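Participant: Below is the structure I would like to discuss, written out as structure tokens.
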Amino acid sequence: MKSAVDEARDRIAPHIRLTECRFSKTLSDATGAEVYLKLENHQLSGSFKLRGVMNKILSLTSTERNRRLVAASTGNHGAAFAHAVGELGLDGLLFLPTNTTSIKLEAIEASGIPFELVGDDCVVTETYAHACAETNNDVWVSPYNDPAIVAGQGTIGPELQMQVEGIEVVLIPVGGGGLAGGIAAYLKAVEPSIEIIGCEPTASAVMAESVKAGAIVELSNLPTLSDATAGGIEEGSITFDLCRRFVDRYELVSEDEIAAAIRFVHDHEDMVIEGGAALPVAVMLRRPKELQDKKAALVITGSKIDDVVLRRILSDE
């Protein structure tokens with residue numbers, strides 16, 4: 001995985017932003033740790049997802065790029081897909097679940113990419129879209145279950161190594177597992193002592209429960225502010241083994257903790273982040289004694305949160 005990530009880093013460099021890894025005095029003061037925020041919420045397209053999508057598309061042959069590209073997403077993968085397809089001048093079709101948040105749907109509409117709403121769960125949407133791509137001989141661009149996607153998302157790993165000398169612990173949101181699996185596999189290859197903590201909402205903790213069970217499980221997912229990490233994991237996903245092998249442990253976060261983390265970042269870091277991005281912050285605030293004196297990096301994955309939801313969170317002190 002390390003060589004694949006290194007290759008992906010060179011491949012996508014002209015098409016992505018090298019995001020800042022900012023020291024957070026407020027989180028450091030609050031926890032007694034030395035805390036850095038990897039600001040993928042400032043990435044082009046608004047989230048880390050562009051890394052994987054760009055690596056996948058740029059890895060295609062010229063023949064494959066001339067075919068229609070198809071993706072499915074709750075929003076961030078879709079926004080990244082739309083950005084990449086538009087930048088590279090390719091033909092694309094996007095499928096989204098019917099419960100996609102309004103701010104993410106508006107971003108997709110503004111991109112101009114053709115899209116269809118199918119199903120009320122990301123796994124249902126992905127299954128339908130994948131089948132559609134196979135039937136029509138389109139190129140499938142997975143949100144997470146693809147080595148090229150994982151390697152692209154894993155490029156955050158070498159950036160962290162470059163930006164934070166002596167990093168000891170990395171906290172990463174977990175949904176389908178491409179981000180956590182890619183970063184963790186890379187960092188463990190170069191420095192096995194780095195602790196990787198996967199952060200999931202209690203309302204949708206499929207990866208944590210799957211790792212505990214030793215196999216991918218199906219769970220009934222409850223509504224969560226962390227909509228970007230919600231939903232199931234595709235059967236046979238390569239990310240399950242990566243997360244099982246390289247993520248040291250998982251922390252589950254309540255909805256109240258997610259909301260409090262969003263407020264904390266808004267009030268003390270002057271940033272708007274989405275629910276999934278708040279997961280590592282929530283874990284950091286919950287575990288100050290355990291992580292005290294550690295040099296920690298939190299992957300802040302995205303910025304898209306519904307305005308109505310944000311106003312409610314900020315007013316609910």
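By convention in this document, the chains of the structure tokens carry letters A, B, ... by their order, each chain's residues are numbered from 1, and ligands are numbered from 1 in the order they are shown.
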Which residues are near Ile196 (chain A)? Cut-off 7 Å, only C-alpha atoms, ignore same chain within fewer than 4 positions. Put them as a PDB file with C-alpha atoms, in the first residue's frame.

Facilitator:
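Written out: out-v8.pdb:
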ATOM      1  CA  VAL A 169      -1.613   9.430  17.225  1.00  0.00           C
ATOM      2  CA  VAL A 170      -3.975  10.079  14.314  1.00  0.00           C
ATOM      3  CA  LEU A 171      -7.755  10.279  14.707  1.00  0.00           C
ATOM      4  CA  ALA A 184      -3.452   3.771   8.484  1.00  0.00           C
ATOM      5  CA  VAL A 247      -6.684   0.765  12.806  1.00  0.00           C
ATOM      6  CA  ASP A 248      -5.714   0.188  16.431  1.00  0.00           C
ATOM      7  CA  ARG A 249      -9.093   0.901  17.974  1.00  0.00           C
TER       8      ARG A 249
END

Participant: Got a sec: who's within 7 Å of region 258-264 of chain A, counting only C-alpha atoms, leaving out chain neighbours fewer than 5 positions off, as a ChimeraX atom specification?

Facilitator: /A:253,273,275,278-279,281-282,313-314

Participant: Hey, what's within 7 Å of Lys294 (chain A) if we count only C-alpha atoms and toss same-chain stuff fewer than 2 positions away? As JSON, numbers by chain, please?

Facilitator: {"A": [33, 34, 168, 291, 292, 296]}

Participant: Restricted to N, CA and C atoms, what would the selected residues look like written as a short mmCIF file (atom, residue, chain, number, x, y, z; two decimals), in the first residue's frame?

Facilitator:
data_model
loop_
_atom_site.label_atom_id
_atom_site.label_comp_id
_atom_site.auth_asym_id
_atom_site.auth_seq_id
_atom_site.Cartn_x
_atom_site.Cartn_y
_atom_site.Cartn_z
N ALA A 33 -2.82 17.86 25.12
CA ALA A 33 -2.07 17.24 24.02
C ALA A 33 -1.56 18.34 23.09
N GLU A 34 -0.72 17.96 22.14
CA GLU A 34 -0.30 18.87 21.08
C GLU A 34 -1.10 18.49 19.85
N GLU A 168 2.30 11.05 16.96
CA GLU A 168 2.13 9.85 17.78
C GLU A 168 0.76 9.19 17.63
N LEU A 291 -5.02 11.04 26.14
CA LEU A 291 -4.20 11.56 25.05
C LEU A 291 -3.30 12.71 25.48
N GLN A 292 -3.28 13.00 26.76
CA GLN A 292 -2.47 14.10 27.28
C GLN A 292 -1.00 13.89 26.96
N ALA A 296 -0.88 14.77 18.44
CA ALA A 296 -2.03 14.17 17.76
C ALA A 296 -2.46 14.97 16.53
#

Participant: With distances taken over only C-alpha atoms, which of A:Met162, A:Val53, A:Leu179, A:Ala208 is nearest to Ala82 (chain A)?

Facilitator: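 Closest to Ala82 (chain A) of all the choices is A:Val53.
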
Participant: Determine, using only C-alpha atoms, which residues of region 101-168 of chain A have any atom at most 8 Å from an atom of region 36-48 of chain A, and tabulate each with its shortest atom pair and distance in Å to one decimal place, rows ordered by chain and then rising number, as CSV.

Facilitator:
residue,atom,partner,partner_atom,distance
A:Gln153,CA,A:Phe48,CA,6.7
A:Leu160,CA,A:Lys38,CA,7.7
A:Val164,CA,A:Tyr36,CA,7.9

Participant: List every residue of region 6-251 of chain A that DSSP, applied to the backbone of this structure, places in helix (DSSP H, G or I), and write the result as a PyMOL selection string.

Facilitator: chain A and resi 6-15+25-31+40-42+44-46+49-58+62-65+76-88+102-111+122-135+147-153+156-163+178-190+202-204+206-213+227-229+238-246

Participant: Which residues come within 6 Å of region 57-72 of chain A, counting only C-alpha atoms, excluding same-chain residues fewer than 4 positions away, as a PyMOL selection string?

Facilitator: chain A and resi 91-96+126+138-141

Participant: Which neighbours of Glu269 (chain A) fall inside 9 Å, counting only C-alpha atoms, when residues of the same chain fewer than 4 positions from it are skipped, and could you give them as an NGL selection string?

Facilitator: :A and (24 or 26 or 264-265)

Participant: For the residues selected in the previous step, produce a file with N, CA and C atoms as a CSV table (one decimal), in the first residue's frame.

Facilitator:
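Ended up saving to result15.csv:
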chain,number,residue,atom,x,y,z
A,24,SER,N,-3.7,23.6,16.7
A,24,SER,CA,-4.8,24.1,17.4
A,24,SER,C,-4.5,24.4,18.8
A,26,THR,N,-6.5,25.9,20.9
A,26,THR,CA,-7.6,25.7,21.8
A,26,THR,C,-7.8,24.3,22.1
A,264,PHE,N,-17.7,23.6,19.1
A,264,PHE,CA,-16.4,24.0,19.6
A,264,PHE,C,-15.5,24.5,18.4
A,265,VAL,N,-15.5,23.8,17.3
A,265,VAL,CA,-14.7,24.2,16.2
A,265,VAL,C,-15.2,25.5,15.6

Participant: What are the closest atom pairs, with distances in Å to one decimal, for all residues of region 24-89 of chain A lying within 12 Å of region 120-123 of chain A? Consider only C-alpha atoms, order rows by chain and residue number, and present the result as a Markdown table.

Facilitator:
| residue | atom | partner | partner_atom | distance |
| --- | --- | --- | --- | --- |
| A:Ala71 | CA | A:Cys122 | CA | 11.4 |
| A:Ala72 | CA | A:Cys122 | CA | 7.8 |
| A:Ser73 | CA | A:Cys122 | CA | 6.7 |
| A:Thr74 | CA | A:Cys122 | CA | 6.4 |
| A:Gly75 | CA | A:Cys122 | CA | 10.1 |
| A:His77 | CA | A:Cys122 | CA | 11.4 |
| A:Gly78 | CA | A:Cys122 | CA | 11.8 |

Participant: Would you return as a ChimeraX atom specification the members of region 84-242 of chain A that DSSP assigns to strand (DSSP E) on this structure's backbone?

Facilitator: /A:92-96,115-117,139-141,169-173,195-201

Participant: For C-alpha atoms, I'd like the residues from the last selection saved as a compact mmCIF listing (two decimals), in the first residue's frame.

Facilitator:
# COMPACT_ATOMS: atom_id res chain seq x y z
CA GLY A 92 -20.19 11.26 -15.96
CA LEU A 93 -23.41 10.17 -14.26
CA LEU A 94 -23.97 10.33 -10.52
CA PHE A 95 -26.46 8.45 -8.32
CA LEU A 96 -27.42 9.76 -4.89
CA PHE A 115 -27.60 12.75 -11.47
CA GLU A 116 -30.41 10.47 -10.34
CA LEU A 117 -31.87 9.90 -6.85
CA VAL A 139 -16.60 2.78 -15.64
CA TRP A 140 -17.52 2.44 -11.97
CA VAL A 141 -15.89 4.93 -9.58
CA VAL A 169 -1.61 9.43 17.23
CA VAL A 170 -3.98 10.08 14.31
CA LEU A 171 -7.75 10.28 14.71
CA ILE A 172 -9.72 9.58 11.52
CA PRO A 173 -13.47 9.48 10.76
CA GLU A 195 -1.62 4.90 17.01
CA ILE A 196 -4.59 5.05 14.64
CA ILE A 197 -8.01 5.73 16.17
CA GLY A 198 -11.08 5.23 14.00
CA CYS A 199 -13.99 7.53 14.91
CA GLU A 200 -17.60 6.58 14.13
CA PRO A 201 -21.03 7.79 15.21

Participant: Could you build a table of the residues in region 162-228 of chain A lying no more than 7 Å from region 144-152 of chain A, giving for each the nearest pair of atoms and their separation in Å rounded to one decimal place, using only C-alpha atoms, ordered by chain and ascending residue number, as CSV?

Facilitator:
residue,atom,partner,partner_atom,distance
A:Gly176,CA,A:Tyr144,CA,6.0
A:Gly177,CA,A:Tyr144,CA,6.8
A:Gly178,CA,A:Tyr144,CA,4.7
A:Leu179,CA,A:Val150,CA,6.4
A:Gly182,CA,A:Val150,CA,5.1

Participant: Could you check the closest approach to Leu88 (chain A) for each of A:Arg51, A:His15, A:Arg22, A:Lys188 and tell me which residue wins, using only C-alpha atoms?

Facilitator: A:His15

Participant: Interatomic distance between CA of Thr100 (chain A) and CA of Val124 (chain A)?

Facilitator: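 Straight-line distance from CA of Thr100 (chain A) to CA of Val124 (chain A) works out to 13.2 Å.
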
Participant: Could you check the closest approach to Ile167 (chain A) for each of A:Gly181, A:Gly214, A:Pro14, A:Pro192 and tell me which residue wins, using only C-alpha atoms?

Facilitator: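 Using only C-alpha atoms, the shortest distance to Ile167 (chain A) belongs to A:Pro192.
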
Participant: CA of Tyr186 (chain A) and CA of Gly166 (chain A), how far apart in Å?

Facilitator: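 Those two atoms sit 15.3 Å apart.
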